[in-house]
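Colleague: Please find one structure pasted underneath; my questions will follow.
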Amino acid sequence: MRVRTAALVALAVLLVDLPAASASQDDLERARRQANAAASDVFRAETRLSRVQGQLADLEARRRATEQRLRGLQRAVREAAVSQYLRGGGGPGPLDVDPSDAAATVRAEALARMVAAQSSDVADAYRAAAADFAVVETRLSASRKDAATALADYRRRVSAATTQLRRLQALEADRIARDKARRAAAGRGSGKPTRPGSGQVIGKGDWVCPVQGPRAFGNDYGQPRGGGRRRHQGNDILSPQGTPVVAPVAGVATKHDNRLGGHAYYLHGTDGVTYYGAHLNAYSSNYGRVSAGTVLGWVGNTGDARGGPPHLHFEIHPGGGGPVNPYPTLRQYC
Ligand SMILES: [Zn+2]
């Protein structure tokens with residue numbers, strides 16, 4: 001019931017606000033939906049890319065292991081052939097593998113003749129390993145193609161999402177300018193520009209969206225990342241580089257630079273929840289005790305996000321414990 005009352009109040013606020021900029025509001029809402037859809041496409045492409053890159057890494061490790069085994073067996077086959085020759089057992093002699101002969105094909109043919117001339121366990125093992133190696137090579141070349149396709153698709157999706165975010169940014173700037181003009185015409189609040197900076201509190205409400213500016217996100221919690229070796233423990237909020245990142249609630253903020261997260265932070269909220277944000281372009285000077293909406297830094301792509309689209313990686317840890325999906329909260333407040 002309280003939820004419904006709150007929704008009605010929100011609706012009433014929206015209706016009161018409507019006459020001034022209704023077309024612009026529609027455009028904004030549509031642009032936000034499109035940006036979020038484009039972000040979800042990015043995350044799906046990222047999941048596919050992560051999977052194929054994981055498969056590729058596994059195959060490359062298998063190729064290395066198979067190659068090493070093959071080399072060991074090659075040596076064993078040569079030694080067996082040499083000792084067979086010295087015993088006078090016939091077959092190809094050591095001169096067939098003249099080490100000064102640089103032509104790989106000649107060496108390979110010589111080795112093949114040695115193997116064919118033998119029926120020992122070592123030759124059988126060599127033949128099996130060579131067959132294994134050929135299979136791995138074939139799979140590797142297919143996997144490399146898959147990875148290249150997935151990477152190209154991911155880059156296309158990132159570029160599409162970036163375009164959507166730019167549109168959203170233009171629409172938001174337009175709306176802010178219009179609101180300002182309206183306030184100036186009404187003769188209030190005409191002077192101060194609201195440029196977000198270090199030390200400034202922006203955003204309002206009991207829970208403030210951590211990215212204050214054009215943003216796009218989706219439900220990418222739990223998706224495989226890092227070549228499928230780990231799960232995504234938060235949501236990525238795509239946003240242009242330099243967009244302010246703020247504390248969603250009051251609490252104590254600490255910097256936490258690390259390899260994966262780059263410039264990252266913890267916010268131990270007065271609501272008993274620990275928040276984690278990562279990949280900041282830069283930190284603000286506001287660490288320690290902060291209020292909701294305090295700027296903690298700016299969106300970037302530091303850490304393992306380097307080279308990828310700028311975004312805030314955002315996690316929610318109730319009671320400072322394991323992470324939960326931030327998506328329902330972000331949907332409500334962002
Ligand atoms: Zn992330």
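Letters A, B, ... go to the chains of the structure tokens in the order shown; residues in each chain start at 1; ligands are counted from 1 in the same order.
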Using only C-alpha atoms and all ligand atoms, what table do you get, as a tab-separated table, when you list each residue of chain A with an atom no more than 12 Å from ligand 1, its nearest pair of atoms, and their distance in Å rounded to one decimal, rows by chain then rising number?

Modeller:
```
residue	atom	partner	partner_atom_place_in_ligand_line	distance
A:Val42	CA	ligand 1	1 (Zn)	11.9
A:Phe43	CA	ligand 1	1 (Zn)	9.5
A:Glu46	CA	ligand 1	1 (Zn)	10.6
A:Thr47	CA	ligand 1	1 (Zn)	11.5
A:Phe217	CA	ligand 1	1 (Zn)	10.6
A:Gly218	CA	ligand 1	1 (Zn)	11.1
A:Asn219	CA	ligand 1	1 (Zn)	11.1
A:Asp220	CA	ligand 1	1 (Zn)	8.3
A:Tyr221	CA	ligand 1	1 (Zn)	8.4
A:Gly222	CA	ligand 1	1 (Zn)	10.1
A:Gln223	CA	ligand 1	1 (Zn)	9.7
A:Pro224	CA	ligand 1	1 (Zn)	10.7
A:Arg225	CA	ligand 1	1 (Zn)	8.7
A:Gly226	CA	ligand 1	1 (Zn)	10.5
A:Arg230	CA	ligand 1	1 (Zn)	11.3
A:Arg231	CA	ligand 1	1 (Zn)	9.6
A:His232	CA	ligand 1	1 (Zn)	6.2
A:Gln233	CA	ligand 1	1 (Zn)	7.2
A:Gly234	CA	ligand 1	1 (Zn)	5.9
A:Asn235	CA	ligand 1	1 (Zn)	5.7
A:Asp236	CA	ligand 1	1 (Zn)	4.6
A:Ile237	CA	ligand 1	1 (Zn)	8.1
A:Leu238	CA	ligand 1	1 (Zn)	9.8
A:Leu260	CA	ligand 1	1 (Zn)	9.6
A:Gly261	CA	ligand 1	1 (Zn)	8.6
A:Gly262	CA	ligand 1	1 (Zn)	11.6
A:Ala264	CA	ligand 1	1 (Zn)	11.6
A:Tyr276	CA	ligand 1	1 (Zn)	10.7
A:Gly277	CA	ligand 1	1 (Zn)	9.0
A:Ala278	CA	ligand 1	1 (Zn)	7.8
A:His279	CA	ligand 1	1 (Zn)	8.7
A:Leu280	CA	ligand 1	1 (Zn)	11.9
A:Asn301	CA	ligand 1	1 (Zn)	10.4
A:Thr302	CA	ligand 1	1 (Zn)	11.6
A:Gly303	CA	ligand 1	1 (Zn)	10.8
A:Asp304	CA	ligand 1	1 (Zn)	9.4
A:Ala305	CA	ligand 1	1 (Zn)	8.2
A:Gly308	CA	ligand 1	1 (Zn)	11.1
A:Pro309	CA	ligand 1	1 (Zn)	11.0
A:Pro310	CA	ligand 1	1 (Zn)	10.7
A:His311	CA	ligand 1	1 (Zn)	8.0
A:Leu312	CA	ligand 1	1 (Zn)	7.3
A:His313	CA	ligand 1	1 (Zn)	4.1
A:Phe314	CA	ligand 1	1 (Zn)	6.8
A:Glu315	CA	ligand 1	1 (Zn)	8.5
A:Asn325	CA	ligand 1	1 (Zn)	11.8
A:Pro326	CA	ligand 1	1 (Zn)	11.4
```

Colleague: Can you list every residue in segment 118-286 of chain A that DSSP puts in strand (DSSP E or B), as a ChimeraX atom specification?

Modeller: /A:201,211,216,224-225,230-231,235-238,244-246,251-255,258,262-269,273-283

Colleague: Okay, now the selection with N, CA and C atoms, as a short mmCIF file (atom, residue, chain, number, x, y, z; two decimals), in the first residue's frame?

Modeller:
```cif
data_model
loop_
_atom_site.label_atom_id
_atom_site.label_comp_id
_atom_site.auth_asym_id
_atom_site.auth_seq_id
_atom_site.Cartn_x
_atom_site.Cartn_y
_atom_site.Cartn_z
N VAL A 201 27.81 18.17 -3.93
CA VAL A 201 26.81 17.11 -3.76
C VAL A 201 25.79 17.25 -4.88
N VAL A 211 25.78 7.08 -10.92
CA VAL A 211 26.31 7.80 -12.09
C VAL A 211 25.37 8.95 -12.40
N ALA A 216 23.78 4.02 -19.26
CA ALA A 216 23.07 2.88 -19.82
C ALA A 216 23.54 1.63 -19.10
N PRO A 224 29.35 -14.73 -17.18
CA PRO A 224 30.76 -15.13 -17.16
C PRO A 224 31.67 -14.02 -17.68
N ARG A 225 32.79 -13.81 -16.98
CA ARG A 225 33.77 -12.81 -17.39
C ARG A 225 35.17 -13.40 -17.21
N ARG A 230 35.45 -16.36 -14.10
CA ARG A 230 34.78 -15.76 -12.94
C ARG A 230 33.42 -15.23 -13.37
N ARG A 231 32.62 -14.89 -12.37
CA ARG A 231 31.28 -14.37 -12.63
C ARG A 231 31.25 -12.88 -12.34
N ASN A 235 26.89 -4.76 -11.67
CA ASN A 235 26.37 -4.27 -12.95
C ASN A 235 27.35 -3.24 -13.49
N ASP A 236 27.48 -3.20 -14.81
CA ASP A 236 28.28 -2.16 -15.46
C ASP A 236 27.35 -1.05 -15.93
N ILE A 237 27.67 0.18 -15.53
CA ILE A 237 26.87 1.32 -15.97
C ILE A 237 27.71 2.08 -17.00
N LEU A 238 27.35 1.94 -18.27
CA LEU A 238 28.08 2.62 -19.34
C LEU A 238 27.76 4.10 -19.29
N PRO A 244 30.29 12.38 -13.54
CA PRO A 244 30.48 12.26 -12.09
C PRO A 244 29.92 10.94 -11.52
N VAL A 245 30.71 10.34 -10.62
CA VAL A 245 30.30 9.15 -9.87
C VAL A 245 30.08 9.60 -8.43
N VAL A 246 28.90 9.30 -7.87
CA VAL A 246 28.58 9.82 -6.54
C VAL A 246 28.25 8.69 -5.56
N GLY A 251 27.81 7.79 4.15
CA GLY A 251 28.65 6.73 4.71
C GLY A 251 30.11 7.15 4.76
N VAL A 252 30.97 6.13 4.82
CA VAL A 252 32.41 6.41 4.84
C VAL A 252 33.02 5.82 3.56
N ALA A 253 33.65 6.69 2.77
CA ALA A 253 34.22 6.27 1.49
C ALA A 253 35.72 6.09 1.62
N THR A 254 36.22 4.97 1.07
CA THR A 254 37.68 4.73 1.06
C THR A 254 38.11 4.35 -0.35
N LYS A 255 39.33 4.80 -0.72
CA LYS A 255 39.88 4.44 -2.03
C LYS A 255 40.39 3.01 -1.97
N ASN A 258 43.13 -1.27 -7.27
CA ASN A 258 43.52 -2.67 -7.45
C ASN A 258 43.64 -3.01 -8.94
N GLY A 262 41.15 -1.05 -11.08
CA GLY A 262 41.81 0.23 -11.32
C GLY A 262 41.55 1.18 -10.17
N HIS A 263 41.18 2.43 -10.47
CA HIS A 263 40.78 3.37 -9.41
C HIS A 263 39.40 2.94 -8.93
N ALA A 264 39.35 2.34 -7.74
CA ALA A 264 38.08 1.82 -7.21
C ALA A 264 37.87 2.35 -5.81
N TYR A 265 36.64 2.19 -5.31
CA TYR A 265 36.34 2.68 -3.96
C TYR A 265 35.37 1.75 -3.24
N TYR A 266 35.38 1.85 -1.93
CA TYR A 266 34.35 1.23 -1.09
C TYR A 266 33.58 2.34 -0.41
N LEU A 267 32.28 2.17 -0.30
CA LEU A 267 31.48 3.08 0.49
C LEU A 267 30.75 2.24 1.54
N HIS A 268 31.11 2.44 2.80
CA HIS A 268 30.42 1.73 3.88
C HIS A 268 29.25 2.61 4.30
N GLY A 269 28.07 2.28 3.77
CA GLY A 269 26.89 3.13 3.93
C GLY A 269 26.31 3.09 5.33
N VAL A 273 24.91 -1.17 4.24
CA VAL A 273 25.30 -1.82 2.99
C VAL A 273 26.68 -1.30 2.56
N THR A 274 27.54 -2.22 2.07
CA THR A 274 28.82 -1.78 1.50
C THR A 274 28.68 -1.75 -0.02
N TYR A 275 29.09 -0.63 -0.60
CA TYR A 275 29.03 -0.46 -2.06
C TYR A 275 30.45 -0.44 -2.59
N TYR A 276 30.64 -1.02 -3.77
CA TYR A 276 31.95 -1.02 -4.42
C TYR A 276 31.79 -0.48 -5.83
N GLY A 277 32.68 0.45 -6.20
CA GLY A 277 32.65 0.99 -7.56
C GLY A 277 34.05 0.93 -8.14
N ALA A 278 34.16 0.71 -9.47
CA ALA A 278 35.48 0.53 -10.06
C ALA A 278 35.63 1.20 -11.42
N HIS A 279 36.88 1.27 -11.87
CA HIS A 279 37.33 1.79 -13.19
C HIS A 279 37.24 3.31 -13.30
N LEU A 280 37.28 4.04 -12.16
CA LEU A 280 37.22 5.50 -12.22
C LEU A 280 38.37 6.06 -13.05
N ASN A 281 38.07 7.13 -13.73
CA ASN A 281 39.08 7.89 -14.46
C ASN A 281 40.00 8.59 -13.46
N ALA A 282 39.38 9.17 -12.42
CA ALA A 282 40.13 9.86 -11.35
C ALA A 282 39.27 9.91 -10.10
N TYR A 283 39.95 10.04 -8.94
CA TYR A 283 39.25 10.20 -7.66
C TYR A 283 38.98 11.68 -7.41
#
```

Colleague: Quote the spacing between atom CA of Asp174 of chain A and atom CA of Gln25 of chain A in Å to one decimal place.

Modeller: 10.8 Å

Colleague: What does the structure give for the distance between atom CA of Val82 of chain A and atom CA of Phe133 of chain A, in Å to one decimal?

Modeller: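 Those two atoms sit 24.8 Å apart.
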
Colleague: Please measure the separation of atom CA of Gly272 of chain A and atom CA of Ala247 of chain A, giving the value in Å to one decimal.

Modeller: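 Distance reported for this atom pair: 13.9 Å.
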
Colleague: Closest to Ala150 of chain A among A:Gly307, A:Ala35, A:Val324, A:Val52, using only C-alpha atoms?

Modeller: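 The closest residue to Ala150 of chain A is A:Val52.
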
Colleague: With distances taken over only C-alpha atoms, which of A:Arg87, A:Arg63, A:Arg75, A:Arg48 is nearest to Arg139 of chain A?

Modeller: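 Of A:Arg87, A:Arg63, A:Arg75, A:Arg48, the one nearest Arg139 of chain A, counting only C-alpha atoms, is A:Arg63.
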
Colleague: Quick check for you: according to DSSP on this backbone, which residues of segment 126-273 of chain A are classed as alpha helix (DSSP H)? Reply as a ChimeraX atom specification.

Modeller: /A:126-185
